[in-house]
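A.B. asks: Contents of model_39.pdb (PDB, C-alpha atoms and all ligand atoms) are below:
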```pdb
ATOM      1  CA  MET A  72      10.392 150.653 151.137  1.00  0.00           C
ATOM      2  CA  GLU A  73      13.943 150.834 152.424  1.00  0.00           C
ATOM      3  CA  PHE A  74      15.897 147.916 153.860  1.00  0.00           C
ATOM      4  CA  PHE A  75      18.528 148.429 156.545  1.00  0.00           C
ATOM      5  CA  LEU A  76      20.809 145.636 157.741  1.00  0.00           C
ATOM      6  CA  ASP A  77      20.469 145.033 161.476  1.00  0.00           C
ATOM      7  CA  THR A  78      24.039 144.041 162.279  1.00  0.00           C
ATOM      8  CA  ALA A  79      27.436 145.330 163.413  1.00  0.00           C
ATOM      9  CA  ASN A  80      29.222 142.601 161.462  1.00  0.00           C
ATOM     10  CA  VAL A  81      31.180 144.247 158.617  1.00  0.00           C
ATOM     11  CA  ASP A  82      31.582 140.960 156.721  1.00  0.00           C
ATOM     12  CA  GLU A  83      27.800 140.520 156.568  1.00  0.00           C
ATOM     13  CA  ILE A  84      27.395 144.100 155.350  1.00  0.00           C
ATOM     14  CA  ARG A  85      30.197 143.836 152.795  1.00  0.00           C
ATOM     15  CA  ALA A  86      28.654 140.639 151.372  1.00  0.00           C
ATOM     16  CA  LEU A  87      25.185 142.154 150.891  1.00  0.00           C
ATOM     17  CA  ILE A  88      26.003 145.698 149.695  1.00  0.00           C
ATOM     18  CA  PRO A  89      26.607 144.556 146.058  1.00  0.00           C
ATOM     19  CA  THR A  90      22.994 143.276 145.871  1.00  0.00           C
ATOM     20  CA  GLY A  91      21.780 146.883 145.913  1.00  0.00           C
ATOM     21  CA  LEU A  92      19.249 145.868 148.565  1.00  0.00           C
ATOM     22  CA  VAL A  93      20.937 147.590 151.510  1.00  0.00           C
ATOM     23  CA  ASP A  94      19.853 151.197 152.100  1.00  0.00           C
ATOM     24  CA  GLY A  95      21.475 151.589 155.518  1.00  0.00           C
ATOM     25  CA  VAL A  96      22.533 149.809 158.709  1.00  0.00           C
ATOM     26  CA  THR A  97      21.331 149.740 162.311  1.00  0.00           C
ATOM     27  CA  THR A  98      23.401 148.727 165.308  1.00  0.00           C
ATOM     28  CA  ASN A  99      22.782 148.641 169.043  1.00  0.00           C
ATOM     29  CA  PRO A 100      24.957 147.981 172.115  1.00  0.00           C
ATOM     30  CA  SER A 101      24.149 144.253 172.014  1.00  0.00           C
ATOM     31  CA  LEU A 102      25.211 143.975 168.364  1.00  0.00           C
ATOM     32  CA  ILE A 103      28.426 145.906 169.131  1.00  0.00           C
ATOM     33  CA  ALA A 104      29.122 143.519 172.036  1.00  0.00           C
ATOM     34  CA  LYS A 105      28.496 140.554 169.701  1.00  0.00           C
ATOM     35  CA  SER A 106      31.012 141.965 167.177  1.00  0.00           C
ATOM     36  CA  GLY A 107      33.681 141.955 169.901  1.00  0.00           C
ATOM     37  CA  ARG A 108      35.145 145.141 168.373  1.00  0.00           C
ATOM     38  CA  ASP A 109      35.842 148.705 169.427  1.00  0.00           C
ATOM     39  CA  MET A 110      32.620 150.622 168.775  1.00  0.00           C
ATOM     40  CA  VAL A 111      34.071 153.721 167.090  1.00  0.00           C
ATOM     41  CA  GLU A 112      36.360 151.687 164.830  1.00  0.00           C
ATOM     42  CA  ASN A 113      33.574 149.296 163.906  1.00  0.00           C
ATOM     43  CA  ILE A 114      31.005 152.014 163.222  1.00  0.00           C
ATOM     44  CA  SER A 115      33.417 154.054 161.137  1.00  0.00           C
ATOM     45  CA  GLU A 116      34.185 150.975 159.009  1.00  0.00           C
ATOM     46  CA  ILE A 117      30.454 150.358 158.521  1.00  0.00           C
ATOM     47  CA  CYS A 118      29.903 154.011 157.522  1.00  0.00           C
ATOM     48  CA  ALA A 119      32.518 153.639 154.798  1.00  0.00           C
ATOM     49  CA  LEU A 120      30.665 150.634 153.327  1.00  0.00           C
ATOM     50  CA  THR A 121      27.347 152.415 152.711  1.00  0.00           C
ATOM     51  CA  ASN A 122      26.165 155.904 151.861  1.00  0.00           C
ATOM     52  CA  GLY A 123      22.928 155.213 153.734  1.00  0.00           C
ATOM     53  CA  PRO A 124      22.255 156.047 157.383  1.00  0.00           C
ATOM     54  CA  VAL A 125      24.093 154.008 160.028  1.00  0.00           C
ATOM     55  CA  SER A 126      22.382 154.033 163.423  1.00  0.00           C
ATOM     56  CA  ALA A 127      24.807 154.168 166.357  1.00  0.00           C
ATOM     57  CA  GLU A 128      23.278 154.107 169.822  1.00  0.00           C
ATOM     58  CA  VAL A 129      24.116 156.368 172.761  1.00  0.00           C
ATOM     59  CA  THR A 130      24.615 154.726 176.145  1.00  0.00           C
ATOM     60  CA  ALA A 131      24.136 157.694 178.508  1.00  0.00           C
ATOM     61  CA  MET A 132      20.870 157.602 180.457  1.00  0.00           C
ATOM     62  CA  ASP A 133      20.418 161.375 180.857  1.00  0.00           C
ATOM     63  CA  ALA A 134      19.494 163.828 178.112  1.00  0.00           C
ATOM     64  CA  GLN A 135      22.638 165.947 178.353  1.00  0.00           C
ATOM     65  CA  GLY A 136      24.851 162.848 178.240  1.00  0.00           C
ATOM     66  CA  MET A 137      22.903 161.505 175.234  1.00  0.00           C
ATOM     67  CA  ILE A 138      23.319 164.825 173.423  1.00  0.00           C
ATOM     68  CA  LYS A 139      27.075 164.882 174.082  1.00  0.00           C
ATOM     69  CA  GLU A 140      27.508 161.271 172.959  1.00  0.00           C
ATOM     70  CA  GLY A 141      25.251 161.844 169.951  1.00  0.00           C
ATOM     71  CA  GLU A 142      27.232 164.876 168.836  1.00  0.00           C
ATOM     72  CA  PHE A 143      30.440 162.869 169.223  1.00  0.00           C
ATOM     73  CA  LEU A 144      29.049 159.931 167.228  1.00  0.00           C
ATOM     74  CA  ARG A 145      28.124 162.363 164.441  1.00  0.00           C
ATOM     75  CA  THR A 146      31.809 163.300 164.096  1.00  0.00           C
ATOM     76  CA  ILE A 147      32.636 159.705 163.067  1.00  0.00           C
ATOM     77  CA  ALA A 148      30.985 160.051 159.626  1.00  0.00           C
ATOM     78  CA  PRO A 149      28.353 162.217 157.936  1.00  0.00           C
ATOM     79  CA  ASN A 150      25.956 159.259 157.531  1.00  0.00           C
ATOM     80  CA  ILE A 151      25.697 158.515 161.266  1.00  0.00           C
ATOM     81  CA  CYS A 152      22.149 158.490 162.626  1.00  0.00           C
ATOM     82  CA  ILE A 153      22.079 158.921 166.406  1.00  0.00           C
ATOM     83  CA  LYS A 154      20.032 156.231 168.147  1.00  0.00           C
ATOM     84  CA  VAL A 155      18.435 157.098 171.487  1.00  0.00           C
ATOM     85  CA  PRO A 156      16.123 155.090 173.751  1.00  0.00           C
ATOM     86  CA  LEU A 157      12.454 155.965 174.112  1.00  0.00           C
ATOM     87  CA  THR A 158      12.584 157.563 177.568  1.00  0.00           C
ATOM     88  CA  MET A 159      11.708 161.126 178.583  1.00  0.00           C
ATOM     89  CA  ASP A 160      15.444 161.883 178.525  1.00  0.00           C
ATOM     90  CA  GLY A 161      15.691 160.272 175.107  1.00  0.00           C
ATOM     91  CA  LEU A 162      12.838 162.464 173.855  1.00  0.00           C
ATOM     92  CA  ARG A 163      14.503 165.612 175.226  1.00  0.00           C
ATOM     93  CA  ALA A 164      17.737 164.619 173.509  1.00  0.00           C
ATOM     94  CA  THR A 165      15.816 163.896 170.281  1.00  0.00           C
ATOM     95  CA  TYR A 166      14.205 167.339 170.351  1.00  0.00           C
ATOM     96  CA  GLU A 167      17.542 169.083 170.787  1.00  0.00           C
ATOM     97  CA  LEU A 168      19.580 166.921 168.416  1.00  0.00           C
ATOM     98  CA  THR A 169      17.063 167.020 165.543  1.00  0.00           C
ATOM     99  CA  GLY A 170      16.564 170.753 166.196  1.00  0.00           C
ATOM    100  CA  ASN A 171      20.287 171.121 165.535  1.00  0.00           C
ATOM    101  CA  GLY A 172      20.016 169.187 162.284  1.00  0.00           C
ATOM    102  CA  HIS A 173      21.138 165.726 163.451  1.00  0.00           C
ATOM    103  CA  PRO A 174      19.144 162.660 162.342  1.00  0.00           C
ATOM    104  CA  VAL A 175      17.812 160.600 165.268  1.00  0.00           C
ATOM    105  CA  ASN A 176      16.422 157.063 165.432  1.00  0.00           C
ATOM    106  CA  VAL A 177      14.300 156.573 168.569  1.00  0.00           C
ATOM    107  CA  THR A 178      14.564 152.951 169.609  1.00  0.00           C
ATOM    108  CA  LEU A 179      12.876 150.507 171.991  1.00  0.00           C
ATOM    109  CA  CYS A 180       9.352 151.569 171.008  1.00  0.00           C
ATOM    110  CA  PHE A 181       6.605 149.261 172.245  1.00  0.00           C
ATOM    111  CA  SER A 182       3.459 151.417 172.086  1.00  0.00           C
ATOM    112  CA  ALA A 183       1.649 153.755 169.695  1.00  0.00           C
ATOM    113  CA  ASN A 184       1.727 156.547 172.284  1.00  0.00           C
ATOM    114  CA  GLN A 185       5.504 156.251 172.528  1.00  0.00           C
ATOM    115  CA  ALA A 186       5.677 156.558 168.728  1.00  0.00           C
ATOM    116  CA  LEU A 187       3.463 159.647 168.838  1.00  0.00           C
ATOM    117  CA  LEU A 188       5.773 161.274 171.404  1.00  0.00           C
ATOM    118  CA  ALA A 189       8.869 160.453 169.346  1.00  0.00           C
ATOM    119  CA  ALA A 190       7.322 162.044 166.261  1.00  0.00           C
ATOM    120  CA  LYS A 191       6.344 165.151 168.224  1.00  0.00           C
ATOM    121  CA  ALA A 192       9.937 165.380 169.501  1.00  0.00           C
ATOM    122  CA  GLY A 193      11.076 165.442 165.851  1.00  0.00           C
ATOM    123  CA  ALA A 194      12.481 161.909 165.497  1.00  0.00           C
ATOM    124  CA  THR A 195      13.742 161.005 162.046  1.00  0.00           C
ATOM    125  CA  TYR A 196      12.899 157.325 162.632  1.00  0.00           C
ATOM    126  CA  ILE A 197      10.824 155.461 165.196  1.00  0.00           C
ATOM    127  CA  SER A 198      11.825 151.836 165.807  1.00  0.00           C
ATOM    128  CA  PRO A 199       8.956 149.609 167.005  1.00  0.00           C
ATOM    129  CA  PHE A 200      10.328 146.210 168.101  1.00  0.00           C
ATOM    130  CA  ILE A 201       8.033 143.689 166.415  1.00  0.00           C
ATOM    131  CA  GLY A 202       9.741 140.439 167.454  1.00  0.00           C
ATOM    132  CA  ARG A 203      10.024 141.376 171.113  1.00  0.00           C
ATOM    133  CA  ILE A 204       6.295 142.210 171.189  1.00  0.00           C
ATOM    134  CA  ASP A 205       5.490 138.853 169.571  1.00  0.00           C
ATOM    135  CA  ASP A 206       7.660 137.242 172.284  1.00  0.00           C
ATOM    136  CA  THR A 207       5.182 138.477 174.923  1.00  0.00           C
ATOM    137  CA  GLY A 208       2.230 136.874 173.113  1.00  0.00           C
ATOM    138  CA  ALA A 209       0.963 140.185 171.695  1.00  0.00           C
ATOM    139  CA  ASP A 210       0.971 141.131 167.989  1.00  0.00           C
ATOM    140  CA  GLY A 211       3.932 143.280 166.961  1.00  0.00           C
ATOM    141  CA  MET A 212       2.416 143.957 163.574  1.00  0.00           C
ATOM    142  CA  GLU A 213      -0.638 145.561 165.140  1.00  0.00           C
ATOM    143  CA  LEU A 214       1.689 148.210 166.567  1.00  0.00           C
ATOM    144  CA  ILE A 215       3.107 149.012 163.120  1.00  0.00           C
ATOM    145  CA  SER A 216      -0.428 149.380 161.783  1.00  0.00           C
ATOM    146  CA  GLU A 217      -1.464 151.678 164.688  1.00  0.00           C
ATOM    147  CA  ILE A 218       1.587 153.897 164.249  1.00  0.00           C
ATOM    148  CA  ARG A 219       0.978 154.078 160.487  1.00  0.00           C
ATOM    149  CA  ALA A 220      -2.639 155.161 161.089  1.00  0.00           C
ATOM    150  CA  ILE A 221      -1.639 157.797 163.668  1.00  0.00           C
ATOM    151  CA  TYR A 222       1.163 159.270 161.559  1.00  0.00           C
ATOM    152  CA  ASP A 223      -1.131 159.350 158.516  1.00  0.00           C
ATOM    153  CA  ASN A 224      -3.737 161.272 160.563  1.00  0.00           C
ATOM    154  CA  PHE A 225      -1.217 164.054 161.141  1.00  0.00           C
ATOM    155  CA  PRO A 226       0.775 164.855 157.986  1.00  0.00           C
ATOM    156  CA  GLU A 227       2.897 167.353 159.946  1.00  0.00           C
ATOM    157  CA  LEU A 228       4.565 164.345 161.645  1.00  0.00           C
ATOM    158  CA  ASN A 229       7.474 163.444 159.383  1.00  0.00           C
ATOM    159  CA  THR A 230       8.914 160.528 161.340  1.00  0.00           C
ATOM    160  CA  LYS A 231       9.605 157.355 159.368  1.00  0.00           C
ATOM    161  CA  ILE A 232       8.476 153.995 160.733  1.00  0.00           C
ATOM    162  CA  LEU A 233      11.461 151.655 160.956  1.00  0.00           C
ATOM    163  CA  ALA A 234      10.234 148.124 161.715  1.00  0.00           C
ATOM    164  CA  ALA A 235      12.856 146.579 164.018  1.00  0.00           C
ATOM    165  CA  SER A 236      13.392 143.315 165.888  1.00  0.00           C
ATOM    166  CA  ILE A 237      12.501 141.460 162.699  1.00  0.00           C
ATOM    167  CA  ARG A 238      12.920 137.722 163.165  1.00  0.00           C
ATOM    168  CA  THR A 239      11.148 136.139 160.177  1.00  0.00           C
ATOM    169  CA  VAL A 240      10.520 136.646 156.475  1.00  0.00           C
ATOM    170  CA  LEU A 241       6.835 137.054 157.339  1.00  0.00           C
ATOM    171  CA  HIS A 242       7.718 140.059 159.507  1.00  0.00           C
ATOM    172  CA  VAL A 243       9.241 141.713 156.426  1.00  0.00           C
ATOM    173  CA  LYS A 244       6.186 141.060 154.238  1.00  0.00           C
ATOM    174  CA  ASP A 245       3.760 142.206 156.928  1.00  0.00           C
ATOM    175  CA  SER A 246       5.805 145.367 157.629  1.00  0.00           C
ATOM    176  CA  ALA A 247       5.587 146.208 153.933  1.00  0.00           C
ATOM    177  CA  LEU A 248       1.834 145.519 153.888  1.00  0.00           C
ATOM    178  CA  MET A 249       1.307 147.693 156.983  1.00  0.00           C
ATOM    179  CA  GLY A 250       3.190 150.579 155.379  1.00  0.00           C
ATOM    180  CA  ALA A 251       6.407 150.674 157.405  1.00  0.00           C
ATOM    181  CA  ASP A 252       8.841 153.014 155.648  1.00  0.00           C
ATOM    182  CA  VAL A 253      11.880 150.911 156.503  1.00  0.00           C
ATOM    183  CA  ALA A 254      12.585 147.406 157.799  1.00  0.00           C
ATOM    184  CA  THR A 255      15.848 146.686 159.574  1.00  0.00           C
ATOM    185  CA  ILE A 256      16.650 143.077 158.839  1.00  0.00           C
ATOM    186  CA  PRO A 257      19.274 140.572 160.053  1.00  0.00           C
ATOM    187  CA  ALA A 258      21.502 139.369 157.178  1.00  0.00           C
ATOM    188  CA  ASN A 259      20.199 135.786 157.256  1.00  0.00           C
ATOM    189  CA  ILE A 260      16.580 136.955 156.967  1.00  0.00           C
ATOM    190  CA  LEU A 261      17.433 139.291 154.071  1.00  0.00           C
ATOM    191  CA  SER A 262      18.994 136.389 152.168  1.00  0.00           C
ATOM    192  CA  ALA A 263      16.041 134.134 153.053  1.00  0.00           C
ATOM    193  CA  LEU A 264      13.649 136.611 151.379  1.00  0.00           C
ATOM    194  CA  ALA A 265      14.977 135.508 147.980  1.00  0.00           C
ATOM    195  CA  LYS A 266      14.401 131.810 148.641  1.00  0.00           C
ATOM    196  CA  HIS A 267      11.455 129.778 147.361  1.00  0.00           C
ATOM    197  CA  PRO A 268      11.460 125.988 146.870  1.00  0.00           C
ATOM    198  CA  LEU A 269       9.570 126.334 143.575  1.00  0.00           C
ATOM    199  CA  THR A 270      12.270 128.706 142.295  1.00  0.00           C
ATOM    200  CA  ASP A 271      14.923 126.085 143.112  1.00  0.00           C
ATOM    201  CA  LYS A 272      12.858 123.282 141.575  1.00  0.00           C
ATOM    202  CA  GLY A 273      12.028 125.286 138.445  1.00  0.00           C
ATOM    203  CA  LEU A 274      15.649 126.328 137.975  1.00  0.00           C
ATOM    204  CA  ALA A 275      16.890 122.740 138.308  1.00  0.00           C
ATOM    205  CA  ALA A 276      14.433 121.662 135.576  1.00  0.00           C
ATOM    206  CA  PHE A 277      15.446 124.538 133.270  1.00  0.00           C
ATOM    207  CA  MET A 278      19.126 123.679 133.724  1.00  0.00           C
ATOM    208  CA  ALA A 279      18.579 119.982 133.021  1.00  0.00           C
ATOM    209  CA  ASP A 280      16.649 120.772 129.814  1.00  0.00           C
ATOM    210  CA  TRP A 281      19.266 123.324 128.757  1.00  0.00           C
ATOM    211  CA  GLU A 282      22.056 120.836 129.247  1.00  0.00           C
ATOM    212  CA  SER A 283      20.216 118.362 126.986  1.00  0.00           C
ATOM    213  CA  THR A 284      20.404 120.878 124.094  1.00  0.00           C
ATOM    214  CA  GLY A 285      24.211 120.878 124.233  1.00  0.00           C
ATOM    215  CA  GLN A 286      24.159 124.630 123.541  1.00  0.00           C
ATOM    216  CA  SER A 287      25.958 127.526 125.229  1.00  0.00           C
ATOM    217  CA  ILE A 288      24.805 131.163 125.110  1.00  0.00           C
ATOM    218  CA  LEU A 289      28.273 132.660 124.723  1.00  0.00           C
ATOM    219  CA  PRO A 290      30.105 131.809 121.494  1.00  0.00           C
ATOM    220  CA  GLN A 291      32.625 129.016 122.153  1.00  0.00           C
TER     221      GLN A 291
HETATM  222  O1  LIG A 301      17.694 147.050 166.034  1.00  0.00           O
HETATM  223  C1  LIG A 301      17.342 146.447 167.226  1.00  0.00           C
HETATM  224  C2  LIG A 301      16.466 145.241 167.068  1.00  0.00           C
HETATM  225  O2  LIG A 301      16.348 144.904 165.741  1.00  0.00           O
HETATM  226  C3  LIG A 301      16.706 144.131 168.012  1.00  0.00           C
HETATM  227  O3  LIG A 301      16.246 142.887 167.558  1.00  0.00           O
HETATM  228  O4  LIG A 301      16.028 140.447 167.718  1.00  0.00           O
HETATM  229  O5  LIG A 301      17.294 141.697 169.508  1.00  0.00           O
HETATM  230  O6  LIG A 301      14.818 141.869 169.351  1.00  0.00           O
HETATM  231  P1  LIG A 301      16.102 141.673 168.585  1.00  0.00           P
END
```
Will you turn the file into C-alpha cells for me?
C.D. replies:
Amino acid sequence: MEFFLDTANVDEIRALIPTGLVDGVTTNPSLIAKSGRDMVENISEICALTNGPVSAEVTAMDAQGMIKEGEFLRTIAPNICIKVPLTMDGLRATYELTGNGHPVNVTLCFSANQALLAAKAGATYISPFIGRIDDTGADGMELISEIRAIYDNFPELNTKILAASIRTVLHVKDSALMGADVATIPANILSALAKHPLTDKGLAAFMADWESTGQSILPQ
C-alpha cells in the first residue's frame, strides 16, 4: 500500500520524506489556500521533494478549461498528477488527458457509481472522501469496500483507489483492510500511526534497565 501526504505544507513534507514512508503528495485548493503561497511556486517546490506523484487540482469548471489547466500543471514537473473533480466535465477531461498520457486523480468521489465512471474514463486514481462521508452519518469505509469489489469484478479497470479525507489512524487501518491501493494522510495522522502507549512504556523500562548496567554499546 502506498502512502501519500495530504498537505501543501513543504515543511511537513520535508520532515517526513526521510522516513521513507511518503510515496507521493496530494493537494487541493483548500490546502493551497491554507499554505498562503503561490500555487505554482508551492507545487514546484513539493515536486522537487519527492519522486512520487504530486496531485495538483484544476479550478476550471468546464472540460476544455480543465484540460488546458491540466496540461499547464504538467509543465511544472514530470511527477505532477492532474486532479479533476468528479463531474461530467471532469470525466470528459479525464478521458482526454489520460488518453494523451497524463496521469489523473479524480477527486470528490462519494459513490461507487461515480468511481465506476471515473475508472471507465481512464482515471489513474479515484479519491473517495471517507471522512466527509462519515461526517454525514454514513460509513465512508463501506464506499472503499464497494469500489474495491467493483474494480475487482472488472480487471480491465486499472484505476487505483486512493482513500482520501482521512481523519483518524483507524481510517488508515480500515483502508488497508478494505484493499485501498493508496491512502492520502495528513502529516499528524501519519506520525500518530507509529504511536502506541505500550511501546513508550516498554521503551522506558528497557532504558531504565540498560542504564542500571552502566554499559554503552559503542566503545568509549
Ligand atoms: O485530498 C482531499 C481530502 O483529503 C480532504 O480532506 O479532511 O478536507 O475532508 P478533508
A.B. asks: Give me, please, the distance in Å between atom CA of A:Ile114 and atom CA of A:Pro149, quoted to one decimal.
C.D. replies: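 So the answer is 11.8 Å.
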A.B. asks: Taking all atoms of ligand LIG 301 (chain A) that appear in the file, build a box with edges along x, y and z, extend it by 5 Å on every side, and state its centre and edge lengths in Å to one decimal, as AutoDock Vina command-line options.
C.D. replies:
```
--center_x 16.3 --center_y 143.7 --center_z 167.6 --size_x 12.9 --size_y 16.6 --size_z 13.8
```
A.B. asks: For ligand LIG 301 (chain A), which of A:Ala263, A:Ile256, A:Ile117, A:Val129 is the closest residue, counting all atoms listed in the file?
C.D. replies: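 Result for the nearest residue to ligand LIG 301 (chain A): A:Ile256.
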A.B. asks: Just to confirm, what's the straight-line distance from atom CA of A:Asp82 to atom CA of A:Ser106 in Å (one decimal)?
C.D. replies: 10.5 Å
A.B. asks: Show which residues sit within 12 Å of A:Ile84, as a ChimeraX atom specification. Count only C-alpha atoms, and ignore same-chain residues fewer than 4 positions away.
C.D. replies: /A:75-80,88-98,113-114,116-121,125,256-259,261-262
A.B. asks: When you count only C-alpha atoms, which of these residues is closest to A:Asp245: A:Thr284, A:Ile218, A:Met212, A:Ala127?
C.D. replies: A:Met212
A.B. asks: Under the PyMOL selection byres (((chain A and resi 235) around 9) and not hetatm), which residues of this model are included? Write them out as JSON, numbers by chain.
C.D. replies: {"A": [77, 178, 179, 198, 199, 200, 201, 202, 233, 234, 236, 237, 238, 253, 254, 255, 256]}
A.B. asks: In terms of the shortest atom-to-atom distance over only C-alpha atoms, which of A:Pro156, A:Gly285, A:Gly107, A:Pro174 is closest to A:Glu142?
C.D. replies: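 Ranked by minimum distance to A:Glu142, first place goes to A:Pro174.
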A.B. asks: So what does the PyMOL selection byres (((chain A and resi 157-168) around 10) and not hetatm) actually pick up in this one, as a PDB file with C-alpha atoms, in the coordinates of the input?
C.D. replies:
```
ATOM      1  CA  VAL A 129      24.116 156.368 172.761  1.00  0.00           C
ATOM      2  CA  ALA A 131      24.136 157.694 178.508  1.00  0.00           C
ATOM      3  CA  MET A 132      20.870 157.602 180.457  1.00  0.00           C
ATOM      4  CA  ASP A 133      20.418 161.375 180.857  1.00  0.00           C
ATOM      5  CA  ALA A 134      19.494 163.828 178.112  1.00  0.00           C
ATOM      6  CA  GLN A 135      22.638 165.947 178.353  1.00  0.00           C
ATOM      7  CA  GLY A 136      24.851 162.848 178.240  1.00  0.00           C
ATOM      8  CA  MET A 137      22.903 161.505 175.234  1.00  0.00           C
ATOM      9  CA  ILE A 138      23.319 164.825 173.423  1.00  0.00           C
ATOM     10  CA  LYS A 139      27.075 164.882 174.082  1.00  0.00           C
ATOM     11  CA  GLY A 141      25.251 161.844 169.951  1.00  0.00           C
ATOM     12  CA  GLU A 142      27.232 164.876 168.836  1.00  0.00           C
ATOM     13  CA  ILE A 153      22.079 158.921 166.406  1.00  0.00           C
ATOM     14  CA  LYS A 154      20.032 156.231 168.147  1.00  0.00           C
ATOM     15  CA  VAL A 155      18.435 157.098 171.487  1.00  0.00           C
ATOM     16  CA  PRO A 156      16.123 155.090 173.751  1.00  0.00           C
ATOM     17  CA  THR A 169      17.063 167.020 165.543  1.00  0.00           C
ATOM     18  CA  GLY A 170      16.564 170.753 166.196  1.00  0.00           C
ATOM     19  CA  ASN A 171      20.287 171.121 165.535  1.00  0.00           C
ATOM     20  CA  GLY A 172      20.016 169.187 162.284  1.00  0.00           C
ATOM     21  CA  HIS A 173      21.138 165.726 163.451  1.00  0.00           C
ATOM     22  CA  PRO A 174      19.144 162.660 162.342  1.00  0.00           C
ATOM     23  CA  VAL A 175      17.812 160.600 165.268  1.00  0.00           C
ATOM     24  CA  ASN A 176      16.422 157.063 165.432  1.00  0.00           C
ATOM     25  CA  VAL A 177      14.300 156.573 168.569  1.00  0.00           C
ATOM     26  CA  THR A 178      14.564 152.951 169.609  1.00  0.00           C
ATOM     27  CA  LEU A 179      12.876 150.507 171.991  1.00  0.00           C
ATOM     28  CA  CYS A 180       9.352 151.569 171.008  1.00  0.00           C
ATOM     29  CA  PHE A 181       6.605 149.261 172.245  1.00  0.00           C
ATOM     30  CA  GLN A 185       5.504 156.251 172.528  1.00  0.00           C
ATOM     31  CA  ALA A 186       5.677 156.558 168.728  1.00  0.00           C
ATOM     32  CA  LEU A 188       5.773 161.274 171.404  1.00  0.00           C
ATOM     33  CA  ALA A 189       8.869 160.453 169.346  1.00  0.00           C
ATOM     34  CA  ALA A 190       7.322 162.044 166.261  1.00  0.00           C
ATOM     35  CA  LYS A 191       6.344 165.151 168.224  1.00  0.00           C
ATOM     36  CA  ALA A 192       9.937 165.380 169.501  1.00  0.00           C
ATOM     37  CA  GLY A 193      11.076 165.442 165.851  1.00  0.00           C
ATOM     38  CA  ALA A 194      12.481 161.909 165.497  1.00  0.00           C
ATOM     39  CA  THR A 195      13.742 161.005 162.046  1.00  0.00           C
ATOM     40  CA  ILE A 197      10.824 155.461 165.196  1.00  0.00           C
ATOM     41  CA  SER A 198      11.825 151.836 165.807  1.00  0.00           C
TER      42      SER A 198
END
```
A.B. asks: Provide the atom CA of A:Tyr196 to atom CA of A:Asn99 distance in Å, to one decimal place.
C.D. replies: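 We find that atom CA of A:Tyr196 and atom CA of A:Asn99 lie 14.6 Å from each other.
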A.B. asks: Excluding A:Ile151 and its own-chain neighbours fewer than 6 positions away, which residues fall within 6 Å of it when counting only C-alpha atoms? Please give them as a ChimeraX atom specification.
C.D. replies: /A:124-126,145
